[in-house]
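Data from entry.pdb: PDB, C-alpha atoms
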```pdb
ATOM      1  CA  MET L   1      95.157  95.055  72.459
ATOM      2  CA  ALA L   2      93.892  98.467  73.365
ATOM      3  CA  ALA L   3      95.436 101.635  71.952
ATOM      4  CA  THR L   4      98.319 102.412  74.299
ATOM      5  CA  TYR L   5     100.131 105.691  74.944
ATOM      6  CA  THR L   6     103.058 107.053  76.930
ATOM      7  CA  LEU L   7     102.916 110.495  78.476
ATOM      8  CA  TRP L   8     106.372 111.820  79.356
ATOM      9  CA  SER L   9     106.691 115.016  81.361
ATOM     10  CA  LYS L  10     110.400 115.834  81.158
ATOM     11  CA  ASN L  11     112.388 118.109  83.460
ATOM     12  CA  THR L  12     109.353 118.884  85.554
ATOM     13  CA  VAL L  13     110.328 121.531  88.087
ATOM     14  CA  PHE L  14     109.211 121.060  91.667
ATOM     15  CA  ALA L  15     106.916 123.653  93.251
ATOM     16  CA  ALA L  16     104.781 123.393  96.346
ATOM     17  CA  ASN L  17     101.399 121.731  95.754
ATOM     18  CA  LYS L  18     102.083 121.610  92.015
ATOM     19  CA  CYS L  19     100.379 119.011  89.852
ATOM     20  CA  MET L  20     103.552 117.681  88.258
ATOM     21  CA  ALA L  21     101.741 115.630  85.594
ATOM     22  CA  SER L  22      98.112 114.833  84.920
ATOM     23  CA  ILE L  23      95.789 113.048  82.578
ATOM     24  CA  PHE L  24      92.116 113.978  82.394
ATOM     25  CA  ASN L  25      89.266 112.364  80.471
ATOM     26  CA  ASN L  26      86.853 115.184  79.734
ATOM     27  CA  THR L  27      83.090 115.138  80.144
ATOM     28  CA  GLY L  28      81.439 113.567  77.129
ATOM     29  CA  SER L  29      84.503 111.583  76.162
ATOM     30  CA  PRO L  30      83.626 108.446  74.186
ATOM     31  CA  VAL L  31      86.721 106.603  75.464
ATOM     32  CA  VAL L  32      87.702 105.091  78.792
ATOM     33  CA  VAL L  33      91.271 105.676  79.960
ATOM     34  CA  LYS L  34      93.019 102.914  81.877
ATOM     35  CA  LEU L  35      96.209 103.866  83.675
ATOM     36  CA  TYR L  36      98.601 100.940  83.917
ATOM     37  CA  ARG L  37     101.956 102.272  85.047
ATOM     38  CA  ILE L  38     103.456 105.459  86.460
ATOM     39  CA  TYR L  39     107.189 106.151  86.677
ATOM     40  CA  ALA L  40     109.021 108.936  88.468
ATOM     41  CA  LEU L  41     112.690 109.255  87.525
ATOM     42  CA  ASN L  42     115.386 111.518  88.874
ATOM     43  CA  ASN L  43     117.166 112.359  85.599
ATOM     44  CA  GLN L  44     118.571 115.756  86.533
ATOM     45  CA  TYR L  45     122.188 116.751  85.837
ATOM     46  CA  VAL L  46     122.399 120.156  87.525
ATOM     47  CA  ALA L  47     123.593 120.292  91.149
ATOM     48  CA  VAL L  48     120.957 121.365  93.667
ATOM     49  CA  THR L  49     120.604 121.211  97.428
ATOM     50  CA  GLY L  50     117.897 118.613  97.517
ATOM     51  CA  VAL L  51     115.260 117.963 100.149
ATOM     52  CA  LEU L  52     112.739 115.245 100.858
ATOM     53  CA  THR L  53     109.159 115.599  99.694
ATOM     54  CA  ASN L  54     106.121 113.427  99.007
ATOM     55  CA  LEU L  55     104.579 112.763  95.607
ATOM     56  CA  GLU L  56     100.906 111.828  95.783
ATOM     57  CA  VAL L  57      98.972 109.880  93.156
ATOM     58  CA  ARG L  58      95.459 111.309  93.382
ATOM     59  CA  LYS L  59      92.212 111.061  91.480
ATOM     60  CA  LEU L  60      91.142 114.359  89.882
ATOM     61  CA  THR L  61      87.652 115.717  89.337
ATOM     62  CA  SER L  62      88.868 118.599  87.180
ATOM     63  CA  ALA L  63      92.023 119.691  85.348
ATOM     64  CA  THR L  64      92.480 122.830  83.280
ATOM     65  CA  GLY L  65      95.328 124.929  81.949
ATOM     66  CA  GLY L  66      98.995 124.213  82.483
ATOM     67  CA  THR L  67     101.305 123.118  79.699
ATOM     68  CA  THR L  68      99.706 120.530  77.466
ATOM     69  CA  ILE L  69     101.716 117.390  76.638
ATOM     70  CA  THR L  70     100.940 115.197  73.647
ATOM     71  CA  PRO L  71     101.167 111.515  74.599
ATOM     72  CA  VAL L  72     103.069 109.206  72.253
ATOM     73  CA  PRO L  73     101.117 106.259  70.776
ATOM     74  CA  HIS L  74     102.868 102.897  70.982
ATOM     75  CA  ASP L  75     101.456 102.175  67.532
ATOM     76  CA  THR L  76     101.475 105.046  65.048
ATOM     77  CA  LEU L  77      98.158 103.823  63.671
ATOM     78  CA  ASN L  78      96.534 105.064  66.901
ATOM     79  CA  THR L  79      95.444 108.655  67.530
ATOM     80  CA  ILE L  80      94.527 109.882  70.991
ATOM     81  CA  ASN L  81      90.963 111.124  71.401
ATOM     82  CA  ALA L  82      90.857 114.906  71.809
ATOM     83  CA  ASN L  83      88.937 114.586  75.075
ATOM     84  CA  VAL L  84      91.948 112.991  76.768
ATOM     85  CA  VAL L  85      94.134 115.863  77.958
ATOM     86  CA  CYS L  86      97.625 115.473  79.414
ATOM     87  CA  ALA L  87      99.502 118.333  81.039
ATOM     88  CA  THR L  88     102.028 119.514  83.551
ATOM     89  CA  ASN L  89     101.248 122.256  86.054
ATOM     90  CA  ALA L  90      97.527 122.050  85.368
ATOM     91  CA  THR L  91      95.056 123.613  87.798
ATOM     92  CA  VAL L  92      93.416 120.560  89.302
ATOM     93  CA  THR L  93      90.888 119.440  91.858
ATOM     94  CA  PRO L  94      92.484 116.450  93.612
ATOM     95  CA  THR L  95      90.350 114.009  95.583
ATOM     96  CA  ASP L  96      91.064 110.394  96.578
ATOM     97  CA  LEU L  97      94.649 109.421  97.360
ATOM     98  CA  TYR L  98      95.787 106.212  95.679
ATOM     99  CA  ARG L  99      99.408 106.275  96.716
ATOM    100  CA  ARG L 100     102.124 108.508  98.054
ATOM    101  CA  VAL L 101     105.877 108.063  97.762
ATOM    102  CA  LEU L 102     108.887 109.657  99.357
ATOM    103  CA  TRP L 103     111.084 111.583  96.944
ATOM    104  CA  SER L 104     114.538 113.163  97.182
ATOM    105  CA  THR L 105     114.978 116.184  94.923
ATOM    106  CA  ASP L 106     118.781 116.040  95.221
ATOM    107  CA  GLU L 107     120.701 115.451  91.989
ATOM    108  CA  PRO L 108     122.242 111.997  91.405
ATOM    109  CA  THR L 109     126.003 111.740  91.113
ATOM    110  CA  ALA L 110     127.911 109.555  88.702
ATOM    111  CA  ASN L 111     130.193 107.620  91.007
ATOM    112  CA  THR L 112     130.499 109.044  94.503
ATOM    113  CA  THR L 113     127.333 108.062  96.386
ATOM    114  CA  MET L 114     124.478 105.563  96.252
ATOM    115  CA  THR L 115     121.667 107.193  98.203
ATOM    116  CA  ILE L 116     117.975 107.794  97.511
ATOM    117  CA  ASP L 117     118.487 110.149  94.566
ATOM    118  CA  GLU L 118     120.789 107.689  92.785
ATOM    119  CA  PHE L 119     118.296 104.829  93.248
ATOM    120  CA  GLU L 120     115.600 107.092  91.802
ATOM    121  CA  CYS L 121     117.424 106.803  88.447
ATOM    122  CA  LEU L 122     116.868 103.041  88.204
ATOM    123  CA  LEU L 123     113.823 102.073  86.156
ATOM    124  CA  PRO L 124     112.463  99.252  88.366
ATOM    125  CA  PHE L 125     112.616 101.502  91.440
ATOM    126  CA  GLY L 126     111.105 104.410  89.531
ATOM    127  CA  CYS L 127     107.897 102.492  88.848
ATOM    128  CA  ILE L 128     105.611 103.964  91.504
ATOM    129  CA  TRP L 129     102.325 102.508  90.196
ATOM    130  CA  SER L 130     101.829  99.238  88.335
ATOM    131  CA  MET L 131      98.357  98.190  89.407
ATOM    132  CA  GLY L 132      96.778  95.592  87.237
ATOM    133  CA  TYR L 133      99.956  95.042  85.295
ATOM    134  CA  GLY L 134     100.532  91.332  84.705
ATOM    135  CA  ASP L 135      97.324  90.086  86.314
ATOM    136  CA  SER L 136      94.091  90.647  84.476
ATOM    137  CA  ASN L 137      92.068  90.024  87.661
ATOM    138  CA  VAL L 138      93.229  93.368  89.038
ATOM    139  CA  GLU L 139      91.951  96.615  87.572
ATOM    140  CA  PRO L 140      94.169  99.452  86.471
ATOM    141  CA  ILE L 141      93.004 102.914  87.574
ATOM    142  CA  THR L 142      90.035 103.468  85.293
ATOM    143  CA  LEU L 143      89.147 106.978  84.194
ATOM    144  CA  ASN L 144      85.590 107.281  82.981
ATOM    145  CA  ALA L 145      84.408 110.579  81.510
ATOM    146  CA  ASN L 146      85.097 113.576  83.773
ATOM    147  CA  GLU L 147      87.773 111.761  85.771
ATOM    148  CA  GLY L 148      91.546 112.106  85.893
ATOM    149  CA  VAL L 149      94.721 111.281  87.778
ATOM    150  CA  GLY L 150      97.532 113.596  88.789
ATOM    151  CA  ILE L 151     100.812 113.486  90.662
ATOM    152  CA  ILE L 152     100.903 116.210  93.288
ATOM    153  CA  ASN L 153     104.130 117.427  94.905
ATOM    154  CA  THR L 154     103.378 118.351  98.501
ATOM    155  CA  GLY L 155     106.544 120.119  99.571
ATOM    156  CA  ALA L 156     109.808 120.618  97.729
ATOM    157  CA  VAL L 157     110.607 123.707  95.650
ATOM    158  CA  VAL L 158     114.044 122.698  94.341
ATOM    159  CA  GLY L 159     115.130 120.337  91.573
ATOM    160  CA  GLN L 160     113.211 118.573  88.838
ATOM    161  CA  CYS L 161     112.186 115.078  87.771
ATOM    162  CA  ASP L 162     110.595 113.162  84.893
ATOM    163  CA  LEU L 163     107.100 111.687  85.191
ATOM    164  CA  ILE L 164     105.780 108.987  82.867
ATOM    165  CA  PHE L 165     102.230 107.616  82.522
ATOM    166  CA  GLU L 166     101.483 104.514  80.484
ATOM    167  CA  PHE L 167      97.789 104.214  79.662
ATOM    168  CA  THR L 168      95.257 102.888  77.232
ATOM    169  CA  ALA L 169      92.419 104.934  75.738
ATOM    170  CA  ALA L 170      89.710 103.003  73.938
TER
ATOM    171  CA  MET S   1      88.404  92.049  85.890
ATOM    172  CA  ALA S   2      87.074  92.103  89.409
ATOM    173  CA  SER S   3      86.158  95.330  91.173
ATOM    174  CA  THR S   4      89.426  96.501  92.708
ATOM    175  CA  TYR S   5      90.052  98.773  95.667
ATOM    176  CA  ILE S   6      92.980 100.133  97.641
ATOM    177  CA  VAL S   7      92.940 100.966 101.304
ATOM    178  CA  LYS S   8      95.705 103.232 102.467
ATOM    179  CA  ALA S   9      96.857 104.199 105.931
ATOM    180  CA  VAL S  10      99.182 107.183 105.751
ATOM    181  CA  ALA S  11     101.630 108.250 108.472
ATOM    182  CA  VAL S  12     100.454 105.632 110.954
ATOM    183  CA  ALA S  13     102.245 106.119 114.277
ATOM    184  CA  PHE S  14     103.960 103.088 115.764
ATOM    185  CA  ALA S  15     102.739 101.664 119.065
ATOM    186  CA  GLY S  16     103.350  98.343 120.749
ATOM    187  CA  SER S  17     101.093  95.511 119.480
ATOM    188  CA  LYS S  18      99.086  98.005 117.412
ATOM    189  CA  TYR S  19      97.193  96.785 114.364
ATOM    190  CA  MET S  20      98.535  99.298 111.871
ATOM    191  CA  ILE S  21      95.984  98.522 109.140
ATOM    192  CA  ASP S  22      93.314  95.930 108.453
ATOM    193  CA  VAL S  23      90.538  94.948 106.061
ATOM    194  CA  PHE S  24      87.581  92.889 107.238
ATOM    195  CA  ASN S  25      84.774  91.086 105.425
ATOM    196  CA  PRO S  26      81.969  90.648 107.982
ATOM    197  CA  ALA S  27      79.822  87.573 108.363
ATOM    198  CA  ALA S  28      76.816  87.592 106.020
ATOM    199  CA  SER S  29      78.397  90.243 103.799
ATOM    200  CA  GLY S  30      77.517  88.193 100.756
ATOM    201  CA  LYS S  31      80.915  89.060  99.258
ATOM    202  CA  ILE S  32      84.374  87.572  98.912
ATOM    203  CA  VAL S  33      87.449  89.756  99.401
ATOM    204  CA  LYS S  34      90.732  88.776  97.739
ATOM    205  CA  ILE S  35      93.937  90.382  98.981
ATOM    206  CA  TYR S  36      96.360  90.816  96.076
ATOM    207  CA  ARG S  37      99.117  93.133  97.220
ATOM    208  CA  ILE S  38     100.311  94.884 100.357
ATOM    209  CA  TRP S  39     102.956  97.600 100.619
ATOM    210  CA  VAL S  40     104.666  98.988 103.712
ATOM    211  CA  GLU S  41     106.611 102.160 102.997
ATOM    212  CA  ASN S  42     108.765 104.477 105.035
ATOM    213  CA  ASN S  43     107.667 107.798 103.556
ATOM    214  CA  GLN S  44     108.590 110.004 106.525
ATOM    215  CA  VAL S  45     109.821 113.432 105.419
ATOM    216  CA  GLY S  46     110.397 114.504 109.023
ATOM    217  CA  PRO S  47     110.763 115.296 111.828
ATOM    218  CA  ALA S  48     113.914 113.354 112.656
ATOM    219  CA  VAL S  49     113.403 110.424 114.997
ATOM    220  CA  THR S  50     115.693 107.899 116.612
ATOM    221  CA  GLY S  51     114.400 104.794 114.939
ATOM    222  CA  VAL S  52     114.561 101.218 116.151
ATOM    223  CA  THR S  53     114.028  97.862 114.492
ATOM    224  CA  ALA S  54     110.510  96.495 114.550
ATOM    225  CA  ASN S  55     108.597  93.508 113.197
ATOM    226  CA  LEU S  56     105.351  93.694 111.282
ATOM    227  CA  LYS S  57     103.218  90.557 111.202
ATOM    228  CA  LEU S  58     100.587  89.827 108.565
ATOM    229  CA  PHE S  59      97.669  87.852 110.060
ATOM    230  CA  ARG S  60      94.401  86.421 108.933
ATOM    231  CA  THR S  61      91.695  87.814 111.222
ATOM    232  CA  THR S  62      88.288  86.672 112.412
ATOM    233  CA  ALA S  63      87.015  89.896 114.001
ATOM    234  CA  ALA S  64      87.628  93.646 113.752
ATOM    235  CA  SER S  65      85.930  96.473 115.619
ATOM    236  CA  ALA S  66      86.336 100.000 117.011
ATOM    237  CA  GLY S  67      89.449 102.028 116.069
ATOM    238  CA  TYR S  68      89.720 104.471 113.178
ATOM    239  CA  THR S  69      87.792 103.697 110.004
ATOM    240  CA  ILE S  70      89.351 104.081 106.530
ATOM    241  CA  VAL S  71      87.266 104.262 103.357
ATOM    242  CA  PRO S  72      88.867 102.201 100.549
ATOM    243  CA  VAL S  73      89.289 103.914  97.170
ATOM    244  CA  SER S  74      87.923 102.278  94.038
ATOM    245  CA  TYR S  75      90.047 101.877  90.911
ATOM    246  CA  ASP S  76      86.919 102.404  88.796
ATOM    247  CA  SER S  77      84.047 104.627  89.912
ATOM    248  CA  ALA S  78      81.689 102.130  88.250
ATOM    249  CA  ASN S  79      82.737  99.308  90.599
ATOM    250  CA  VAL S  80      80.370  97.284  92.772
ATOM    251  CA  ALA S  81      79.769  98.777  96.207
ATOM    252  CA  LEU S  82      81.784  97.544  99.169
ATOM    253  CA  GLY S  83      78.681  96.812 101.239
ATOM    254  CA  THR S  84      79.605  95.996 104.826
ATOM    255  CA  ILE S  85      83.327  95.479 104.154
ATOM    256  CA  THR S  86      85.389  97.705 106.436
ATOM    257  CA  ALA S  87      88.988  98.835 106.912
ATOM    258  CA  GLY S  88      90.749 100.614 109.723
ATOM    259  CA  ILE S  89      93.732 101.645 111.807
ATOM    260  CA  GLY S  90      94.277 100.711 115.444
ATOM    261  CA  ARG S  91      91.253  98.490 115.578
ATOM    262  CA  THR S  92      90.535  95.705 118.048
ATOM    263  CA  ILE S  93      91.416  92.542 116.139
ATOM    264  CA  THR S  94      91.120  88.818 116.649
ATOM    265  CA  ALA S  95      94.121  87.389 114.796
ATOM    266  CA  SER S  96      94.474  83.781 113.657
ATOM    267  CA  SER S  97      96.988  82.408 111.117
ATOM    268  CA  LEU S  98     100.280  84.212 110.497
ATOM    269  CA  PHE S  99     101.122  84.676 106.824
ATOM    270  CA  ARG S 100     104.312  86.698 107.043
ATOM    271  CA  ASN S 101     106.740  88.418 109.389
ATOM    272  CA  TYR S 102     108.519  91.540 108.139
ATOM    273  CA  PHE S 103     111.511  93.393 109.562
ATOM    274  CA  ILE S 104     111.351  97.168 109.416
ATOM    275  CA  SER S 105     113.210 100.243 110.640
ATOM    276  CA  ASN S 106     111.152 103.189 111.803
ATOM    277  CA  ASP S 107     114.041 105.638 111.475
ATOM    278  CA  GLU S 108     113.366 108.537 109.106
ATOM    279  CA  PRO S 109     115.053 108.413 105.661
ATOM    280  CA  THR S 110     117.557 111.102 104.720
ATOM    281  CA  ILE S 111     119.000 112.160 101.381
ATOM    282  CA  LEU S 112     122.553 111.517 102.601
ATOM    283  CA  THR S 113     122.599 107.808 103.459
ATOM    284  CA  GLY S 114     121.525 104.515 101.940
ATOM    285  CA  THR S 115     120.618 102.282 104.875
ATOM    286  CA  ASN S 116     117.565 100.208 105.762
ATOM    287  CA  ASP S 117     115.131 103.105 106.210
ATOM    288  CA  GLU S 118     116.094 104.678 102.870
ATOM    289  CA  TRP S 119     115.538 101.381 101.015
ATOM    290  CA  GLN S 120     112.125 101.002 102.601
ATOM    291  CA  GLN S 121     110.555 103.604 100.306
ATOM    292  CA  PHE S 122     111.134 101.882  96.936
ATOM    293  CA  LYS S 123     107.967 100.231  95.663
ATOM    294  CA  HIS S 124     109.464  96.991  94.405
ATOM    295  CA  ILE S 125     111.202  96.392  97.704
ATOM    296  CA  THR S 126     108.356  97.377  99.981
ATOM    297  CA  GLU S 127     105.853  94.945  98.493
ATOM    298  CA  LEU S 128     105.210  92.878 101.597
ATOM    299  CA  TRP S 129     102.663  90.598  99.894
ATOM    300  CA  ASN S 130     101.863  89.986  96.249
ATOM    301  CA  SER S 131     100.336  86.531  96.037
ATOM    302  CA  GLY S 132      98.414  85.951  92.900
ATOM    303  CA  THR S 133      99.925  88.835  91.014
ATOM    304  CA  ARG S 134     101.357  87.891  87.633
ATOM    305  CA  ASN S 135     100.211  84.278  88.023
ATOM    306  CA  THR S 136      96.503  83.616  87.992
ATOM    307  CA  ALA S 137      97.086  79.990  89.067
ATOM    308  CA  ILE S 138      98.017  81.154  92.569
ATOM    309  CA  ASP S 139      95.357  82.193  95.040
ATOM    310  CA  PRO S 140      95.570  85.600  96.619
ATOM    311  CA  ILE S 141      94.610  85.643 100.328
ATOM    312  CA  VAL S 142      90.899  84.927 100.132
ATOM    313  CA  CYS S 143      88.747  86.427 102.876
ATOM    314  CA  GLN S 144      85.457  84.621 103.075
ATOM    315  CA  ALA S 145      82.637  86.169 105.108
ATOM    316  CA  GLY S 146      83.853  86.585 108.687
ATOM    317  CA  GLN S 147      87.513  86.868 107.708
ATOM    318  CA  GLY S 148      90.037  89.608 107.085
ATOM    319  CA  VAL S 149      93.715  90.489 107.197
ATOM    320  CA  ALA S 150      95.672  92.794 109.491
ATOM    321  CA  ILE S 151      99.244  93.975 109.987
ATOM    322  CA  GLN S 152     100.399  94.205 113.577
ATOM    323  CA  ASN S 153     103.491  95.950 114.917
ATOM    324  CA  SER S 154     104.837  93.401 117.409
ATOM    325  CA  VAL S 155     107.579  95.501 119.013
ATOM    326  CA  ALA S 156     107.030  97.978 121.846
ATOM    327  CA  THR S 157     108.085 101.086 119.956
ATOM    328  CA  THR S 158     106.295 104.417 119.696
ATOM    329  CA  VAL S 159     108.822 106.059 117.385
ATOM    330  CA  GLY S 160     108.123 107.248 113.853
ATOM    331  CA  ASN S 161     105.336 106.460 111.428
ATOM    332  CA  ILE S 162     104.753 104.483 108.269
ATOM    333  CA  ASP S 163     102.455 104.186 105.243
ATOM    334  CA  LEU S 164     100.592 100.947 104.521
ATOM    335  CA  PHE S 165      98.537 100.011 101.438
ATOM    336  CA  ILE S 166      96.329  96.961 100.806
ATOM    337  CA  GLU S 167      95.030  96.206  97.312
ATOM    338  CA  PHE S 168      92.018  93.891  97.099
ATOM    339  CA  THR S 169      89.154  92.824  94.899
ATOM    340  CA  VAL S 170      85.500  92.362  95.839
ATOM    341  CA  GLN S 171      83.201  89.826  94.239
TER
END
```
Could I get this structure in the form of structure tokens?
Amino acid sequence: MAATYTLWSKNTVFAANKCMASIFNNTGSPVVVKLYRIYALNNQYVAVTGVLTNLEVRKLTSATGGTTITPVPHDTLNTINANVVCATNATVTPTDLYRRVLWSTDEPTANTTMTIDEFECLLPFGCIWSMGYGDSNVEPITLNANEGVGIINTGAVVGQCDLIFEFTAA
Amino acid sequence: MASTYIVKAVAVAFAGSKYMIDVFNPAASGKIVKIYRIWVENNQVGPAVTGVTANLKLFRTTAASAGYTIVPVSYDSANVALGTITAGIGRTITASSLFRNYFISNDEPTILTGTNDEWQQFKHITELWNSGTRNTAIDPIVCQAGQGVAIQNSVATTVGNIDLFIEFTVQ
């Protein structure tokens, strides 16, 4: 098995054209990053007047700044290479679109409704990218040196969500 | 692993008998295309439309020309080149075998209701085709040279739009 990590960007506040979460494999990196799964979960408690927006999964050709996040290794014997940088609100250069999803930024309720924001709490529905998972014929998104992936919010400026990347770096 | 690509058609407007998305492997391409997964997602943020019910049909194709060309995106920048393999929206298609028929609403989702159009944006529900995935004993849709796949809207509606994604490998 390859060294596997989970990046969790908690309580990520929506802002227009913000890179909500990103992973970037810097130039000169000796490792290749393979992105297996991405989750977006609506875990917010505070009431907001939500709106619809789109989250875009895009390839990145650069990513700098923002708030750095340390990914968690699935095996504590593994240590992430320093060239692999994870962040929220990084300044990025997005290019190719892999996927976009519709997202409600409204807050889920405990027992009164079952609309989009409540379904966004359920783990199977929150998995917005699972390429390659379960079939070794299909590639995950592969990040060679100087390549990255980010989730870009295109519209909403209210509410927050959690973003999770599961990836290998070896 | 085989070189893997995704072709995506975003905010494709409905029209009667329109081929909403397709991938085609031309004769003499020297390559084999394998279709692993297809998603159809109602990602409309607005404006509000009065949606109707439509049917999307997944066909094998034997010709594709004209229309709007889409460039597939590689999962690995080191992948083999696509060569003469093409993808598009609204192309002129020669359809043959029908693989699947899929009911869809082209109404726009809202944050206040949980009806058909709202459910159509969750990834595990919108996976129209996933042959071969998670079981390597099952063939995906294999497009030999001179073959492809296309999704046609078979209802005369011009309301709303939709996102479509086709994941395939090239060998």
Mind giving me the straight-line distance from CA of Ala2 in chain L to CA of Ala170 in chain L in Å, one decimal?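 Straight-line distance from CA of Ala2 in chain L to CA of Ala170 in chain L works out to 6.2 Å.
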Carefully work through the ChimeraX specification (/S :<9) & /L for this structure and note down the residues it includes, as a VMD selection string. chain L and resid 50 to 54 96 to 106 113 to 117 119 to 120 124 to 129 131 to 144
Kindly indicate which residue among S:Gln152, S:Asn116, S:Thr158, S:Ser65 lies nearest to Leu98 in chain S, using only C-alpha atoms for the distances.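 Checking each candidate against Leu98 in chain S, we get S:Gln152 as the closest.
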Looking at all atoms listed in the file, which of S:Thr69, S:Thr126, S:Thr61, S:Ser154 is the one that sits closest to Ala95 in chain S?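 Among the listed residues, the smallest separation from Ala95 in chain S belongs to S:Thr61.
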Expand the PyMOL selection byres ((chain L and resi 76-81) around 9) into the individual residues it matches in the shown file, reporting them as a PyMOL selection string. chain L and resi 3-5+29-31+70-75+82-85+169-170
Would you place a box with edges along x, y and z of the file around all atoms of range 140-154 of chain S listed there, add 8 Å to each of its six sides, and report the centre and edge lengths in Å to one decimal, as JSON?
```
{"center_x": 93.7, "center_y": 90.3, "center_z": 107.0, "size_x": 38.2, "size_y": 27.3, "size_z": 36.8}
```
Going by the chain IDs and residue numbers used in this file, which residues fall under the PyMOL selection byres ((chain L and resi 7) around 9)? Write them as a PyMOL selection string. chain L and resi 5-6+8-9+21+23+69-73+86-87+163-167
Can you tell me which residues surround Asn11 in chain L at a distance of at most 6 Å, considering only C-alpha atoms, apart from same-chain residues fewer than 2 positions away, and format the answer as a list in words?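 Non-adjacent residues within range: Gln160, Cys161 and Asp162 of chain L.
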